[in-house]
$ cat work33.cif   # mmCIF, N, CA, C and O atoms
data_protein
#
loop_
_atom_site.label_atom_id
_atom_site.label_comp_id
_atom_site.auth_asym_id
_atom_site.auth_seq_id
_atom_site.Cartn_x
_atom_site.Cartn_y
_atom_site.Cartn_z
N MET H 1 -38.61 -54.17 10.06
CA MET H 1 -38.84 -53.52 8.78
C MET H 1 -39.62 -52.24 8.94
O MET H 1 -39.42 -51.31 8.19
N ALA H 2 -40.54 -52.24 9.87
CA ALA H 2 -41.38 -51.06 10.06
C ALA H 2 -40.54 -49.87 10.48
O ALA H 2 -40.78 -48.76 10.05
N SER H 3 -39.56 -50.13 11.30
CA SER H 3 -38.73 -49.01 11.74
C SER H 3 -37.89 -48.47 10.59
O SER H 3 -37.68 -47.27 10.47
N LEU H 4 -37.45 -49.36 9.71
CA LEU H 4 -36.70 -48.90 8.54
C LEU H 4 -37.60 -48.10 7.62
O LEU H 4 -37.19 -47.05 7.10
N SER H 5 -38.80 -48.53 7.45
CA SER H 5 -39.77 -47.81 6.62
C SER H 5 -40.11 -46.46 7.23
O SER H 5 -40.18 -45.45 6.53
N SER H 6 -40.30 -46.41 8.54
CA SER H 6 -40.62 -45.13 9.18
C SER H 6 -39.42 -44.19 9.13
O SER H 6 -39.57 -42.98 8.94
N GLN H 7 -38.23 -44.72 9.27
CA GLN H 7 -37.03 -43.89 9.15
C GLN H 7 -36.89 -43.33 7.73
O GLN H 7 -36.54 -42.17 7.54
N MET H 8 -37.22 -44.16 6.74
CA MET H 8 -37.17 -43.69 5.34
C MET H 8 -38.20 -42.59 5.12
O MET H 8 -37.92 -41.60 4.44
N ASN H 9 -39.38 -42.77 5.68
CA ASN H 9 -40.43 -41.74 5.55
C ASN H 9 -39.98 -40.43 6.20
O ASN H 9 -40.20 -39.33 5.66
N ILE H 10 -39.33 -40.52 7.34
CA ILE H 10 -38.82 -39.31 8.03
C ILE H 10 -37.76 -38.63 7.17
O ILE H 10 -37.76 -37.41 6.99
N ILE H 11 -36.86 -39.44 6.60
CA ILE H 11 -35.80 -38.88 5.73
C ILE H 11 -36.41 -38.22 4.51
O ILE H 11 -36.01 -37.13 4.11
N VAL H 12 -37.41 -38.86 3.91
CA VAL H 12 -38.08 -38.30 2.73
C VAL H 12 -38.74 -36.98 3.10
O VAL H 12 -38.64 -35.98 2.37
N GLU H 13 -39.43 -36.92 4.24
CA GLU H 13 -40.10 -35.69 4.69
C GLU H 13 -39.09 -34.57 4.94
O GLU H 13 -39.28 -33.43 4.54
N LYS H 14 -38.02 -34.92 5.61
CA LYS H 14 -36.98 -33.92 5.89
C LYS H 14 -36.35 -33.43 4.59
O LYS H 14 -36.04 -32.24 4.44
N THR H 15 -36.15 -34.35 3.63
CA THR H 15 -35.59 -33.95 2.34
C THR H 15 -36.54 -33.00 1.60
O THR H 15 -36.11 -32.00 1.03
N LYS H 16 -37.86 -33.32 1.65
CA LYS H 16 -38.85 -32.43 1.03
C LYS H 16 -38.81 -31.05 1.68
O LYS H 16 -38.87 -30.02 0.99
N ASN H 17 -38.71 -31.03 3.00
CA ASN H 17 -38.63 -29.74 3.72
C ASN H 17 -37.39 -28.96 3.31
O ASN H 17 -37.43 -27.74 3.11
N LEU H 18 -36.27 -29.67 3.19
CA LEU H 18 -35.03 -29.01 2.77
C LEU H 18 -35.16 -28.44 1.36
O LEU H 18 -34.70 -27.33 1.07
N ILE H 19 -35.78 -29.21 0.48
CA ILE H 19 -35.96 -28.74 -0.90
C ILE H 19 -36.86 -27.50 -0.93
O ILE H 19 -36.58 -26.53 -1.62
N GLN H 20 -37.94 -27.52 -0.13
CA GLN H 20 -38.84 -26.36 -0.07
C GLN H 20 -38.11 -25.14 0.49
O GLN H 20 -38.25 -24.02 -0.02
N MET H 21 -37.34 -25.36 1.54
CA MET H 21 -36.58 -24.25 2.12
C MET H 21 -35.55 -23.72 1.12
O MET H 21 -35.35 -22.51 1.00
N CYS H 22 -34.93 -24.62 0.39
CA CYS H 22 -33.94 -24.21 -0.62
C CYS H 22 -34.61 -23.37 -1.70
O CYS H 22 -34.07 -22.33 -2.10
N GLU H 23 -35.77 -23.80 -2.18
CA GLU H 23 -36.50 -23.04 -3.20
C GLU H 23 -36.91 -21.67 -2.67
O GLU H 23 -36.80 -20.65 -3.37
N ALA H 24 -37.39 -21.61 -1.41
CA ALA H 24 -37.78 -20.33 -0.82
C ALA H 24 -36.57 -19.41 -0.70
O ALA H 24 -36.65 -18.20 -1.01
N LEU H 25 -35.43 -19.97 -0.30
CA LEU H 25 -34.21 -19.17 -0.19
C LEU H 25 -33.73 -18.69 -1.56
O LEU H 25 -33.23 -17.57 -1.70
N GLN H 26 -33.89 -19.52 -2.59
CA GLN H 26 -33.50 -19.11 -3.94
C GLN H 26 -34.38 -17.94 -4.41
O GLN H 26 -33.89 -16.99 -5.02
N GLU H 27 -35.69 -18.01 -4.11
CA GLU H 27 -36.59 -16.92 -4.49
C GLU H 27 -36.21 -15.64 -3.75
O GLU H 27 -36.15 -14.55 -4.34
N GLU H 28 -35.92 -15.78 -2.45
CA GLU H 28 -35.51 -14.61 -1.67
C GLU H 28 -34.19 -14.05 -2.21
O GLU H 28 -34.02 -12.83 -2.30
N ASN H 29 -33.28 -14.95 -2.59
CA ASN H 29 -32.00 -14.52 -3.16
C ASN H 29 -32.22 -13.74 -4.45
O ASN H 29 -31.60 -12.70 -4.68
N ASP H 30 -33.13 -14.22 -5.31
CA ASP H 30 -33.43 -13.53 -6.56
C ASP H 30 -34.00 -12.14 -6.28
O ASP H 30 -33.63 -11.15 -6.93
N LEU H 31 -34.91 -12.06 -5.30
CA LEU H 31 -35.49 -10.76 -4.94
C LEU H 31 -34.42 -9.81 -4.41
O LEU H 31 -34.40 -8.62 -4.75
N LEU H 32 -33.53 -10.34 -3.59
CA LEU H 32 -32.45 -9.51 -3.05
C LEU H 32 -31.50 -9.04 -4.15
O LEU H 32 -31.02 -7.90 -4.12
N LYS H 33 -31.26 -9.90 -5.14
CA LYS H 33 -30.41 -9.49 -6.27
C LYS H 33 -31.07 -8.35 -7.04
O LYS H 33 -30.40 -7.38 -7.43
N LEU H 34 -32.39 -8.46 -7.27
CA LEU H 34 -33.10 -7.38 -7.97
C LEU H 34 -33.05 -6.08 -7.16
O LEU H 34 -32.84 -4.99 -7.71
N GLU H 35 -33.24 -6.20 -5.84
CA GLU H 35 -33.19 -5.02 -4.99
C GLU H 35 -31.80 -4.39 -5.01
O GLU H 35 -31.66 -3.16 -5.06
N LEU H 36 -30.78 -5.24 -5.00
CA LEU H 36 -29.40 -4.75 -5.07
C LEU H 36 -29.17 -3.99 -6.38
O LEU H 36 -28.57 -2.91 -6.38
N GLN H 37 -29.63 -4.54 -7.48
CA GLN H 37 -29.48 -3.85 -8.77
C GLN H 37 -30.18 -2.50 -8.73
O GLN H 37 -29.64 -1.49 -9.22
N SER H 38 -31.36 -2.46 -8.15
CA SER H 38 -32.12 -1.22 -8.05
C SER H 38 -31.35 -0.19 -7.22
O SER H 38 -31.25 0.98 -7.60
N VAL H 39 -30.80 -0.63 -6.11
CA VAL H 39 -30.04 0.27 -5.24
C VAL H 39 -28.77 0.75 -5.95
O VAL H 39 -28.38 1.92 -5.84
N GLN H 40 -28.13 -0.15 -6.71
CA GLN H 40 -26.93 0.25 -7.44
C GLN H 40 -27.24 1.30 -8.50
O GLN H 40 -26.49 2.27 -8.66
N VAL H 41 -28.35 1.12 -9.21
CA VAL H 41 -28.76 2.12 -10.21
C VAL H 41 -29.05 3.45 -9.53
O VAL H 41 -28.62 4.51 -10.01
N ALA H 42 -29.76 3.40 -8.41
CA ALA H 42 -30.06 4.63 -7.67
C ALA H 42 -28.78 5.30 -7.19
O ALA H 42 -28.65 6.54 -7.26
N PHE H 43 -27.83 4.51 -6.74
CA PHE H 43 -26.55 5.05 -6.27
C PHE H 43 -25.79 5.71 -7.41
O PHE H 43 -25.26 6.81 -7.26
N GLU H 44 -25.74 5.04 -8.57
CA GLU H 44 -25.05 5.62 -9.73
C GLU H 44 -25.72 6.92 -10.16
O GLU H 44 -25.04 7.90 -10.48
N THR H 45 -27.05 6.94 -10.16
CA THR H 45 -27.77 8.15 -10.52
C THR H 45 -27.46 9.27 -9.53
O THR H 45 -27.21 10.41 -9.93
N SER H 46 -27.46 8.93 -8.25
CA SER H 46 -27.14 9.93 -7.22
C SER H 46 -25.71 10.43 -7.37
O SER H 46 -25.46 11.63 -7.23
N SER H 47 -24.80 9.53 -7.66
CA SER H 47 -23.40 9.93 -7.84
C SER H 47 -23.26 10.88 -9.03
O SER H 47 -22.54 11.89 -8.95
N ASP H 48 -23.96 10.57 -10.12
CA ASP H 48 -23.93 11.45 -11.29
C ASP H 48 -24.50 12.82 -10.94
O ASP H 48 -23.96 13.86 -11.32
N LYS H 49 -25.61 12.83 -10.20
CA LYS H 49 -26.24 14.09 -9.81
C LYS H 49 -25.30 14.90 -8.91
O LYS H 49 -25.18 16.12 -9.07
N VAL H 50 -24.64 14.23 -7.97
CA VAL H 50 -23.69 14.91 -7.09
C VAL H 50 -22.56 15.52 -7.92
O VAL H 50 -22.17 16.67 -7.69
N GLN H 51 -22.06 14.77 -8.89
CA GLN H 51 -20.98 15.28 -9.74
C GLN H 51 -21.44 16.51 -10.52
O GLN H 51 -20.72 17.49 -10.62
N GLN H 52 -22.67 16.45 -11.06
CA GLN H 52 -23.20 17.60 -11.79
C GLN H 52 -23.33 18.81 -10.88
O GLN H 52 -22.98 19.93 -11.27
N LEU H 53 -23.81 18.59 -9.67
CA LEU H 53 -23.96 19.70 -8.73
C LEU H 53 -22.61 20.27 -8.31
O LEU H 53 -22.47 21.49 -8.17
N GLU H 54 -21.61 19.41 -8.14
CA GLU H 54 -20.27 19.90 -7.82
C GLU H 54 -19.71 20.73 -8.98
O GLU H 54 -19.08 21.77 -8.76
N ASP H 55 -19.95 20.28 -10.21
CA ASP H 55 -19.51 21.05 -11.37
C ASP H 55 -20.20 22.41 -11.42
O ASP H 55 -19.56 23.43 -11.69
N LYS H 56 -21.51 22.42 -11.15
CA LYS H 56 -22.24 23.69 -11.13
C LYS H 56 -21.71 24.61 -10.05
O LYS H 56 -21.58 25.82 -10.26
N LEU H 57 -21.37 24.03 -8.89
CA LEU H 57 -20.83 24.83 -7.79
C LEU H 57 -19.51 25.47 -8.19
O LEU H 57 -19.28 26.65 -7.92
N LYS H 58 -18.67 24.70 -8.87
CA LYS H 58 -17.39 25.24 -9.33
C LYS H 58 -17.61 26.39 -10.31
O LYS H 58 -16.97 27.43 -10.22
N VAL H 59 -18.55 26.19 -11.24
CA VAL H 59 -18.84 27.23 -12.23
C VAL H 59 -19.37 28.48 -11.54
O VAL H 59 -18.97 29.61 -11.85
N MET H 60 -20.28 28.28 -10.58
CA MET H 60 -20.85 29.43 -9.88
C MET H 60 -19.80 30.15 -9.04
O MET H 60 -19.80 31.38 -8.95
N THR H 61 -18.87 29.40 -8.45
CA THR H 61 -17.80 30.02 -7.68
C THR H 61 -16.92 30.88 -8.58
O THR H 61 -16.58 32.01 -8.23
N VAL H 62 -16.59 30.34 -9.74
CA VAL H 62 -15.78 31.11 -10.69
C VAL H 62 -16.55 32.35 -11.16
O VAL H 62 -16.00 33.45 -11.21
N ALA H 63 -17.83 32.18 -11.47
CA ALA H 63 -18.64 33.30 -11.93
C ALA H 63 -18.74 34.37 -10.85
O ALA H 63 -18.65 35.58 -11.14
N LYS H 64 -18.90 33.95 -9.61
CA LYS H 64 -19.00 34.91 -8.51
C LYS H 64 -17.69 35.67 -8.34
O LYS H 64 -17.69 36.88 -8.14
N SER H 65 -16.57 34.95 -8.45
CA SER H 65 -15.29 35.63 -8.30
C SER H 65 -15.08 36.62 -9.44
O SER H 65 -14.54 37.71 -9.24
N LEU H 66 -15.52 36.24 -10.66
CA LEU H 66 -15.41 37.17 -11.78
C LEU H 66 -16.32 38.37 -11.58
O LEU H 66 -15.95 39.50 -11.89
N GLU H 67 -17.51 38.12 -11.04
CA GLU H 67 -18.45 39.20 -10.79
C GLU H 67 -17.88 40.16 -9.74
O GLU H 67 -17.95 41.38 -9.90
N GLU H 68 -17.29 39.61 -8.68
CA GLU H 68 -16.67 40.45 -7.66
C GLU H 68 -15.51 41.23 -8.27
O GLU H 68 -15.30 42.39 -7.94
N SER H 69 -14.77 40.59 -9.17
CA SER H 69 -13.67 41.27 -9.85
C SER H 69 -14.21 42.43 -10.67
O SER H 69 -13.63 43.52 -10.68
N ASP H 70 -15.35 42.21 -11.37
CA ASP H 70 -15.97 43.28 -12.14
C ASP H 70 -16.43 44.40 -11.24
O ASP H 70 -16.28 45.59 -11.57
N ILE H 71 -16.99 44.06 -10.08
CA ILE H 71 -17.43 45.09 -9.13
C ILE H 71 -16.23 45.88 -8.64
O ILE H 71 -16.29 47.11 -8.54
N ASP H 72 -15.13 45.19 -8.35
CA ASP H 72 -13.91 45.88 -7.93
C ASP H 72 -13.41 46.80 -9.03
O ASP H 72 -12.98 47.93 -8.76
N LYS H 73 -13.47 46.35 -10.28
CA LYS H 73 -13.03 47.19 -11.40
C LYS H 73 -13.91 48.42 -11.52
O LYS H 73 -13.42 49.52 -11.77
N VAL H 74 -15.22 48.25 -11.34
CA VAL H 74 -16.14 49.39 -11.41
C VAL H 74 -15.81 50.38 -10.31
O VAL H 74 -15.77 51.60 -10.54
N ALA H 75 -15.56 49.87 -9.11
CA ALA H 75 -15.22 50.75 -7.98
C ALA H 75 -13.92 51.49 -8.26
O ALA H 75 -13.81 52.69 -8.00
N ILE H 76 -12.94 50.78 -8.80
CA ILE H 76 -11.66 51.41 -9.14
C ILE H 76 -11.85 52.46 -10.23
O ILE H 76 -11.30 53.57 -10.16
N ASN H 77 -12.65 52.13 -11.25
CA ASN H 77 -12.92 53.09 -12.32
C ASN H 77 -13.62 54.33 -11.78
O ASN H 77 -13.30 55.46 -12.18
N GLU H 78 -14.57 54.15 -10.86
CA GLU H 78 -15.26 55.29 -10.26
C GLU H 78 -14.28 56.15 -9.48
O GLU H 78 -14.33 57.38 -9.56
N LYS H 79 -13.40 55.51 -8.73
CA LYS H 79 -12.40 56.27 -7.96
C LYS H 79 -11.46 57.02 -8.91
O LYS H 79 -11.10 58.16 -8.65
N THR H 80 -11.08 56.36 -10.00
CA THR H 80 -10.20 57.00 -10.97
C THR H 80 -10.89 58.21 -11.59
O THR H 80 -10.27 59.29 -11.71
N LEU H 81 -12.15 58.04 -11.98
CA LEU H 81 -12.88 59.16 -12.56
C LEU H 81 -13.05 60.30 -11.55
O LEU H 81 -12.91 61.48 -11.90
N ASP H 82 -13.33 59.95 -10.30
CA ASP H 82 -13.47 60.96 -9.26
C ASP H 82 -12.16 61.71 -9.06
O ASP H 82 -12.14 62.94 -8.94
N THR H 83 -11.05 60.97 -9.04
CA THR H 83 -9.74 61.59 -8.89
C THR H 83 -9.43 62.49 -10.07
O THR H 83 -8.93 63.62 -9.90
N LYS H 84 -9.72 62.03 -11.28
CA LYS H 84 -9.49 62.86 -12.47
C LYS H 84 -10.32 64.14 -12.42
O LYS H 84 -9.84 65.22 -12.77
N GLN H 85 -11.56 64.01 -11.95
CA GLN H 85 -12.43 65.18 -11.83
C GLN H 85 -11.85 66.18 -10.83
O GLN H 85 -11.84 67.39 -11.08
N LYS H 86 -11.35 65.69 -9.71
CA LYS H 86 -10.75 66.57 -8.71
C LYS H 86 -9.51 67.26 -9.27
O LYS H 86 -9.29 68.46 -9.04
N ILE H 87 -8.70 66.49 -10.00
CA ILE H 87 -7.50 67.09 -10.62
C ILE H 87 -7.92 68.17 -11.60
O ILE H 87 -7.33 69.27 -11.63
N ASN H 88 -8.93 67.89 -12.42
CA ASN H 88 -9.41 68.91 -13.37
C ASN H 88 -9.92 70.15 -12.64
O ASN H 88 -9.67 71.28 -13.09
N ASP H 89 -10.62 69.95 -11.53
CA ASP H 89 -11.09 71.11 -10.75
C ASP H 89 -9.91 71.92 -10.21
O ASP H 89 -9.93 73.16 -10.26
N PHE H 90 -8.89 71.22 -9.71
CA PHE H 90 -7.71 71.93 -9.21
C PHE H 90 -7.00 72.69 -10.33
O PHE H 90 -6.56 73.82 -10.15
N VAL H 91 -6.90 72.08 -11.50
CA VAL H 91 -6.25 72.74 -12.64
C VAL H 91 -7.02 74.00 -13.02
O VAL H 91 -6.44 75.05 -13.31
N ARG H 92 -8.35 73.94 -13.03
CA ARG H 92 -9.17 75.12 -13.34
C ARG H 92 -8.93 76.23 -12.31
O ARG H 92 -8.82 77.41 -12.66
N GLU H 93 -8.87 75.81 -11.05
CA GLU H 93 -8.62 76.80 -9.98
C GLU H 93 -7.25 77.44 -10.17
O GLU H 93 -7.09 78.66 -10.02
N ILE H 94 -6.26 76.64 -10.51
CA ILE H 94 -4.91 77.16 -10.73
C ILE H 94 -4.92 78.09 -11.93
O ILE H 94 -4.30 79.17 -11.90
N ASP H 95 -5.63 77.68 -13.00
CA ASP H 95 -5.75 78.55 -14.18
C ASP H 95 -6.39 79.89 -13.82
O ASP H 95 -5.95 80.94 -14.29
N LYS H 96 -7.42 79.87 -13.01
CA LYS H 96 -8.08 81.11 -12.57
C LYS H 96 -7.11 81.99 -11.79
O LYS H 96 -7.05 83.20 -12.00
N CYS H 97 -6.35 81.34 -10.91
CA CYS H 97 -5.37 82.10 -10.11
C CYS H 97 -4.32 82.71 -11.02
O CYS H 97 -3.90 83.86 -10.82
N ILE H 98 -3.85 81.95 -12.01
CA ILE H 98 -2.83 82.45 -12.94
C ILE H 98 -3.41 83.63 -13.72
O ILE H 98 -2.74 84.65 -13.94
N ASN H 99 -4.67 83.50 -14.17
CA ASN H 99 -5.30 84.58 -14.92
C ASN H 99 -5.47 85.84 -14.06
O ASN H 99 -5.33 86.97 -14.56
N LEU H 100 -5.74 85.67 -12.81
CA LEU H 100 -5.86 86.81 -11.92
C LEU H 100 -4.52 87.49 -11.69
O LEU H 100 -4.45 88.72 -11.51
N LEU H 101 -3.46 86.72 -11.70
CA LEU H 101 -2.12 87.28 -11.49
C LEU H 101 -1.62 88.01 -12.72
O LEU H 101 -0.75 88.86 -12.62
N LYS H 102 -2.13 87.78 -13.87
CA LYS H 102 -1.64 88.42 -15.10
C LYS H 102 -2.05 89.82 -15.20
O LYS H 102 -2.61 90.60 -14.81
#
$ encode --input "work33.cif" --output "structure tokens"
Amino acid sequence: MASLSSQMNIIVEKTKNLIQMCEALQEENDLLKLELQSVQVAFETSSDKVQQLEDKLKVMTVAKSLEESDIDKVAINEKTLDTKQKINDFVREIDKCINLLK
């Protein structure tokens, strides 16, 4: 009988240990679930921020291309004005020559 009683005591002790380990693992599992939620929220926030930055980059790229286009237009307008001025100077010179020939 003593051996049966000692075996029962061993089984009871091992069962208590298993229950304690199970409770500790459940607590750790709960903590890991909370940490996972925190990481997921941080990931979603980071993803949103990345998307916003990509949108800003697209807008800035378009703005820069438009700005370069405006600079090109200004350069073309300056060349056009310079060419018109040269033509006007040549016309004046031709007019002077015509007046001298009269």
$ atom_distance --input "work33.cif" --atom1 "atom CA of Ser47 of chain H" --atom2 "atom CA of Thr61 of chain H"
20.9 Å
$ atom_distance --input "work33.cif" --atom1 "atom CA of Val59 of chain H" --atom2 "atom CA of Val74 of chain H"
22.3 Å
$ atom_distance --input "work33.cif" --atom1 "atom CA of Leu81 of chain H" --atom2 "atom CA of Asn99 of chain H"
26.6 Å
$ build_atoms --input "work33.cif" --residues "segment 46-57 of chain H" --atoms "all heavy atoms" --output "compact mmCIF listing (two decimals), in the frame of the given file"
# COMPACT_ATOMS: atom_id res chain seq x y z
N SER H 46 -27.46 8.93 -8.25
CA SER H 46 -27.14 9.93 -7.22
C SER H 46 -25.71 10.43 -7.37
O SER H 46 -25.46 11.63 -7.23
CB SER H 46 -27.35 9.33 -5.83
OG SER H 46 -28.68 8.99 -5.62
N SER H 47 -24.80 9.53 -7.66
CA SER H 47 -23.40 9.93 -7.84
C SER H 47 -23.26 10.88 -9.03
O SER H 47 -22.54 11.89 -8.95
CB SER H 47 -22.52 8.70 -8.06
OG SER H 47 -22.51 7.89 -6.91
N ASP H 48 -23.96 10.57 -10.12
CA ASP H 48 -23.93 11.45 -11.29
C ASP H 48 -24.50 12.82 -10.94
O ASP H 48 -23.96 13.86 -11.32
CB ASP H 48 -24.71 10.85 -12.45
CG ASP H 48 -24.03 9.62 -13.04
OD1 ASP H 48 -22.82 9.43 -12.77
OD2 ASP H 48 -24.70 8.87 -13.77
N LYS H 49 -25.61 12.83 -10.20
CA LYS H 49 -26.24 14.09 -9.81
C LYS H 49 -25.30 14.90 -8.91
O LYS H 49 -25.18 16.12 -9.07
CB LYS H 49 -27.56 13.81 -9.09
CG LYS H 49 -28.35 15.03 -8.73
CD LYS H 49 -28.87 15.72 -9.98
CE LYS H 49 -29.78 16.86 -9.60
NZ LYS H 49 -30.22 17.62 -10.76
N VAL H 50 -24.64 14.23 -7.97
CA VAL H 50 -23.69 14.91 -7.09
C VAL H 50 -22.56 15.52 -7.92
O VAL H 50 -22.17 16.67 -7.69
CB VAL H 50 -23.14 13.93 -6.02
CG1 VAL H 50 -21.92 14.51 -5.32
CG2 VAL H 50 -24.21 13.60 -5.00
N GLN H 51 -22.06 14.77 -8.89
CA GLN H 51 -20.98 15.28 -9.74
C GLN H 51 -21.44 16.51 -10.52
O GLN H 51 -20.72 17.49 -10.62
CB GLN H 51 -20.49 14.18 -10.70
CG GLN H 51 -19.30 14.59 -11.54
CD GLN H 51 -18.08 14.91 -10.71
OE1 GLN H 51 -17.77 14.20 -9.76
NE2 GLN H 51 -17.38 15.97 -11.06
N GLN H 52 -22.67 16.45 -11.06
CA GLN H 52 -23.20 17.60 -11.79
C GLN H 52 -23.33 18.81 -10.88
O GLN H 52 -22.98 19.93 -11.27
CB GLN H 52 -24.57 17.26 -12.38
CG GLN H 52 -24.53 16.28 -13.52
CD GLN H 52 -25.91 15.86 -13.99
OE1 GLN H 52 -26.92 16.25 -13.40
NE2 GLN H 52 -25.97 15.04 -15.02
N LEU H 53 -23.81 18.59 -9.67
CA LEU H 53 -23.96 19.70 -8.73
C LEU H 53 -22.61 20.27 -8.31
O LEU H 53 -22.47 21.49 -8.17
CB LEU H 53 -24.76 19.25 -7.50
CG LEU H 53 -26.24 18.97 -7.74
CD1 LEU H 53 -26.87 18.36 -6.50
CD2 LEU H 53 -26.98 20.23 -8.15
N GLU H 54 -21.61 19.41 -8.14
CA GLU H 54 -20.27 19.90 -7.82
C GLU H 54 -19.71 20.73 -8.98
O GLU H 54 -19.08 21.77 -8.76
CB GLU H 54 -19.33 18.72 -7.51
CG GLU H 54 -19.59 18.11 -6.15
CD GLU H 54 -18.75 16.87 -5.87
OE1 GLU H 54 -18.10 16.33 -6.82
OE2 GLU H 54 -18.74 16.42 -4.71
N ASP H 55 -19.95 20.28 -10.21
CA ASP H 55 -19.51 21.05 -11.37
C ASP H 55 -20.20 22.41 -11.42
O ASP H 55 -19.56 23.43 -11.69
CB ASP H 55 -19.77 20.28 -12.67
CG ASP H 55 -18.89 19.04 -12.80
OD1 ASP H 55 -17.88 18.95 -12.08
OD2 ASP H 55 -19.23 18.16 -13.63
N LYS H 56 -21.51 22.42 -11.15
CA LYS H 56 -22.24 23.69 -11.13
C LYS H 56 -21.71 24.61 -10.05
O LYS H 56 -21.58 25.82 -10.26
CB LYS H 56 -23.74 23.45 -10.90
CG LYS H 56 -24.48 22.97 -12.11
CD LYS H 56 -25.97 22.85 -11.82
CE LYS H 56 -26.74 22.36 -13.02
NZ LYS H 56 -28.18 22.25 -12.74
N LEU H 57 -21.37 24.03 -8.89
CA LEU H 57 -20.83 24.83 -7.79
C LEU H 57 -19.51 25.47 -8.19
O LEU H 57 -19.28 26.65 -7.92
CB LEU H 57 -20.65 23.96 -6.54
CG LEU H 57 -20.05 24.66 -5.33
CD1 LEU H 57 -20.98 25.78 -4.85
CD2 LEU H 57 -19.80 23.66 -4.23
